[in-house]
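S.K.: Please find one structure pasted underneath; my questions will follow.
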Amino acid sequence: MANKRTHSDGRVLPKAPPGKIGAPRRSSKGQSFAASKRPQSTSPDSQAKLRARLKSAEETLRAIQSGEVDALMVSGRGGEQAVALRGGEPSYRMMVEAMSEGAATLSRNGAVLYCNRRFAELLGRTPGKIAGIAVQSMVAEAEQDRFETLLVNARRASAKGEFSLGTADGRLIPVYLSLSQLRGYKGQALTMVITDLSEQKRRQAAEIKRNETTHRLLLERTFAAQEEERRRIARELHDEAGQLLTALLVGLRSLEDTRALSQVKVQGRQLREIAAQALDEVGRLARGLHPSVLDDHGLGVALSRYLAEYEKTHTITVNLTLNDPDLISLPSAVQTALYRILQEALNNVVKHARATLVSICFTRSTTALEVAIIDNGCGFDAEAVSVSSHRLGIQGMRERAALLGGTIKFTSQRTGTRMLVQVPLACPEFEPVEKRRSS
């Protein structure tokens, strides 16, 4: 088999005609080597062939000496092998060696004819140890079939993919391989650029770990909030509804001992009032868990009814400014989240602010909805809360807004606090608008 020669730009030199210098001849050791053979005839045809052989040999020697040949494919007992040559140092090679990415020239079957230092460094080897090795043998075993497919595709057009390459110390490093034809050689020689993905994979792994940690914390806080809500409901059932039902039971027992009809009527009216109070208390708790009016009539009506009860219970004046047609068109997920955020904000006013007046103002633009909640209470350290907060109420409001792609900001002074809720209306997680059930 004739020697295959490769230019410094990766081209494989055409096969030498039979008999010319560069054609292999078997040695006693089975290796092929170049040798010229004296022709047996001095006919004009033989002389022409001899001149052609000499000319080809001269071109080959010139190419090797000038560094235009990177490697030769030599036939032997073990089949074809790539032999790297040390020649001149063309400018293109200097540029390739200076690349921060790995680079290599491959034969059509994936053997490395040339590689730069960066590629060798990635594998923990020297360039001389890599020349002649098939890239398939460096790829992780489970990915070798996929690399063969990539190699076939690269002979026709550019092909890319992620793989794992084995290093000298047995590690696997993630890389991105980009293969393409070497111009002018019709898929007989390929170029390969190797990008190390190790740092990128480390960042991705760190990001996944952070996300998992955040997810776990959110779950813990969610469970804690649920338990706190259960405790609150249990206290209110015991303190309010439970006491009313106990009073109702005591009144019914005393009614058995009452003989005068007039007294029975009086006690009956009292027991009816107690039963009505118990029913109102249970209804209040139910509305706190999930107001059906929110599903039936939307955020505007649900919020108005909640504020009317809030003012009556806590003797705090609330001024509400909203445009109901704008709110009714919001997706149900947005309406529910805003209702819960406002509910928690007003609960915080009762618990901490000692305010007497609260203003709630809705402002809607083409891209976002803003809700400002302003009270005249004692205020708090808003900067500390913006950095970190262990208060489940504030954290819960932020998480609800974040689920919609929104934010919550606090501005507080000694004479009051302003909370601004901003929710983008173009959030892809928004659900489609549902038809409201008629009451």
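Letters A, B, ... mark the chains of the structure tokens in the order given; residue numbers begin at 1 per chain; ligand numbers begin at 1, in order shown.
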Could you please write out, as a ChimeraX atom specification, every residue of range 68-265 of chain A that DSSP assigns to strand (DSSP E or B)?

M.R.: /A:69-76,79-84,102-107,111-115,134,139,159-166,172-181,189-196

S.K.: Show me, as a PyMOL selection string, the residues that have an atom within 8 Å of Arg117 in chain A when counting only C-alpha atoms, minus same-chain residues fewer than 3 positions from it.

M.R.: chain A and resi 97+102+120-121+126-127

S.K.: Next, the residues of the selection above should be written as a tab-separated table (two decimals), in the first residue's frame with C-alpha atoms.

M.R.:
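result-v3.tsv, written as the output of this step:
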```tsv
chain	number	residue	atom	x	y	z
A	97	GLU	CA	-0.99	25.77	19.29
A	102	GLY	CA	-8.16	21.59	21.90
A	120	ALA	CA	-2.83	16.76	24.86
A	121	GLU	CA	-3.09	18.62	28.18
A	126	THR	CA	2.01	14.44	25.20
A	127	PRO	CA	1.12	15.14	21.57
```

S.K.: Leaving out Glu162 in chain A and any residue of its chain fewer than 4 positions from it, which residues lie within 12 Å of it when counting only C-alpha atoms, given as a ChimeraX atom specification?

M.R.: /A:139-140,143-144,146-147,150,173-179,193-198,201

S.K.: Once you have the residues from the selection above, write them out as a compact mmCIF listing (two decimals), in the first residue's frame, restricted to N, CA and C atoms.

M.R.:
```txt
# COMPACT_ATOMS: atom_id res chain seq x y z
N VAL A 139 -12.89 7.72 23.67
CA VAL A 139 -14.25 8.03 24.08
C VAL A 139 -14.76 6.97 25.04
N ALA A 140 -15.59 7.38 26.01
CA ALA A 140 -16.18 6.43 26.95
C ALA A 140 -16.87 5.30 26.18
N GLU A 143 -20.29 5.54 24.77
CA GLU A 143 -20.53 6.59 23.78
C GLU A 143 -19.82 6.33 22.46
N GLN A 144 -19.13 5.19 22.34
CA GLN A 144 -18.34 4.94 21.14
C GLN A 144 -19.19 4.79 19.90
N ARG A 146 -22.03 6.18 19.33
CA ARG A 146 -22.52 7.52 18.98
C ARG A 146 -21.42 8.34 18.32
N PHE A 147 -20.17 8.16 18.76
CA PHE A 147 -19.07 8.87 18.11
C PHE A 147 -18.85 8.37 16.69
N LEU A 150 -21.20 10.13 14.63
CA LEU A 150 -20.75 11.52 14.45
C LEU A 150 -19.65 11.59 13.39
N ILE A 173 -13.42 13.11 31.29
CA ILE A 173 -13.71 14.54 31.30
C ILE A 173 -14.78 14.82 30.25
N PRO A 174 -15.77 15.65 30.58
CA PRO A 174 -16.81 15.99 29.60
C PRO A 174 -16.28 17.01 28.59
N VAL A 175 -16.51 16.75 27.33
CA VAL A 175 -16.04 17.65 26.27
C VAL A 175 -17.13 17.82 25.23
N TYR A 176 -17.00 18.88 24.46
CA TYR A 176 -17.88 19.14 23.33
C TYR A 176 -17.03 19.05 22.06
N LEU A 177 -17.34 18.12 21.19
CA LEU A 177 -16.57 17.89 19.98
C LEU A 177 -17.28 18.48 18.77
N SER A 178 -16.52 19.19 17.97
CA SER A 178 -17.05 19.77 16.73
C SER A 178 -16.17 19.29 15.58
N LEU A 179 -16.74 18.49 14.68
CA LEU A 179 -16.00 17.92 13.57
C LEU A 179 -16.50 18.48 12.26
N VAL A 193 -12.44 20.23 16.87
CA VAL A 193 -12.21 21.20 17.94
C VAL A 193 -12.80 20.62 19.22
N ILE A 194 -12.04 20.64 20.30
CA ILE A 194 -12.44 20.02 21.56
C ILE A 194 -12.57 21.10 22.62
N THR A 195 -13.77 21.24 23.17
CA THR A 195 -14.02 22.22 24.23
C THR A 195 -14.22 21.50 25.55
N ASP A 196 -13.43 21.86 26.54
CA ASP A 196 -13.53 21.25 27.86
C ASP A 196 -14.78 21.79 28.58
N LEU A 197 -15.67 20.88 28.98
CA LEU A 197 -16.91 21.27 29.66
C LEU A 197 -16.84 21.05 31.16
N SER A 198 -15.66 20.75 31.70
CA SER A 198 -15.55 20.41 33.11
C SER A 198 -16.05 21.53 34.01
N LYS A 201 -19.79 21.98 33.69
CA LYS A 201 -20.52 20.91 34.40
C LYS A 201 -20.46 21.13 35.90
```

S.K.: Residues at most 12 Å from range 232-241 of chain A, counting only C-alpha atoms, excluding those fewer than 5 positions away in the same chain, as a PyMOL selection string?

M.R.: chain A and resi 225-227+246-248+274-289

S.K.: I'd like a table as CSV: residues in range 255-334 of chain A with an atom no more than 6 Å from range 350-368 of chain A, each row giving the shortest atom pair and its distance in Å to one decimal, only C-alpha atoms counted, sorted by chain and rising residue number.

M.R.:
```
residue,atom,partner,partner_atom,distance
A:Ile316,CA,A:Thr356,CA,4.9
A:Thr317,CA,A:Leu357,CA,4.9
A:Val318,CA,A:Val358,CA,4.7
A:Asn319,CA,A:Ser359,CA,4.7
A:Leu320,CA,A:Ile360,CA,4.8
A:Thr321,CA,A:Cys361,CA,4.7
A:Leu322,CA,A:Phe362,CA,5.0
```

S.K.: Could you state the separation of CA of Ala154 in chain A and CA of Ser180 in chain A in Å, given to one decimal place?

M.R.: 5.3 Å

S.K.: Could you check how far CA of Leu190 in chain A sits from CA of Leu106 in chain A, in Å to one decimal?

M.R.: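 For CA of Leu190 in chain A relative to CA of Leu106 in chain A, the distance reads 5.0 Å.
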
S.K.: Per DSSP on the backbone, filter range 156-303 of chain A down to the residues in alpha helix (DSSP H) and report them as a PyMOL selection string.

M.R.: chain A and resi 198-236+243-257+261-289+292-297+299-303

S.K.: For CA of Glu228 in chain A and CA of Leu338 in chain A, quote the distance in Å rounded to one decimal.

M.R.: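 Those two atoms sit 20.6 Å apart.
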
S.K.: So, counting only C-alpha atoms, which residue among A:Arg340, A:Gly132, A:Asp296, A:Ala308 is closest to Ile328 in chain A?

M.R.: A:Asp296

S.K.: Rank nothing, just name the residue among A:Leu219, A:Ala142, A:Ala168, A:Leu182 nearest to Ala104 in chain A, using only C-alpha atoms.

M.R.: A:Leu182

S.K.: What's around Leu218 in chain A at 10 Å? Count only C-alpha atoms, leave out sequence neighbours fewer than 6 positions away in its own chain, and write the answer as a PyMOL selection string.

M.R.: chain A and resi 212+224+395-396+399

S.K.: Take the residues from that selection and put them in a file with C-alpha atoms, as a short mmCIF file (atom, residue, chain, number, x, y, z; two decimals), in the first residue's frame.

M.R.:
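Final output, saved to again-v8.cif:
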```cif
data_model
loop_
_atom_site.label_atom_id
_atom_site.label_comp_id
_atom_site.auth_asym_id
_atom_site.auth_seq_id
_atom_site.Cartn_x
_atom_site.Cartn_y
_atom_site.Cartn_z
CA GLU A 212 -32.22 21.44 45.60
CA ALA A 224 -44.02 24.82 58.98
CA GLN A 395 -41.39 34.83 53.40
CA GLY A 396 -44.70 33.31 52.31
CA GLU A 399 -42.70 33.09 47.59
#
```

S.K.: Might you pull out every residue within 12 Å of Arg125 in chain A, with only C-alpha atoms counted and same-chain residues fewer than 4 positions away left off, and present them as a PyMOL selection string?

M.R.: chain A and resi 115-121+129-131+133+138+166-170

S.K.: Mind checking which residues fall within 12 Å of range 251-260 of chain A, counting only C-alpha atoms, ignoring those fewer than 2 positions away in the same chain, and posting them as a list in words?

M.R.: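 Contacts, with the query itself left out: Leu244, Leu245, Thr246, Ala247, Leu248, Leu249, Ser262, Gln263, Val264, Lys265, Val266, Gln267, Gly268, Arg269, Gln270, Leu271, Arg272, Glu273, Ile274 and Ala275 of chain A.
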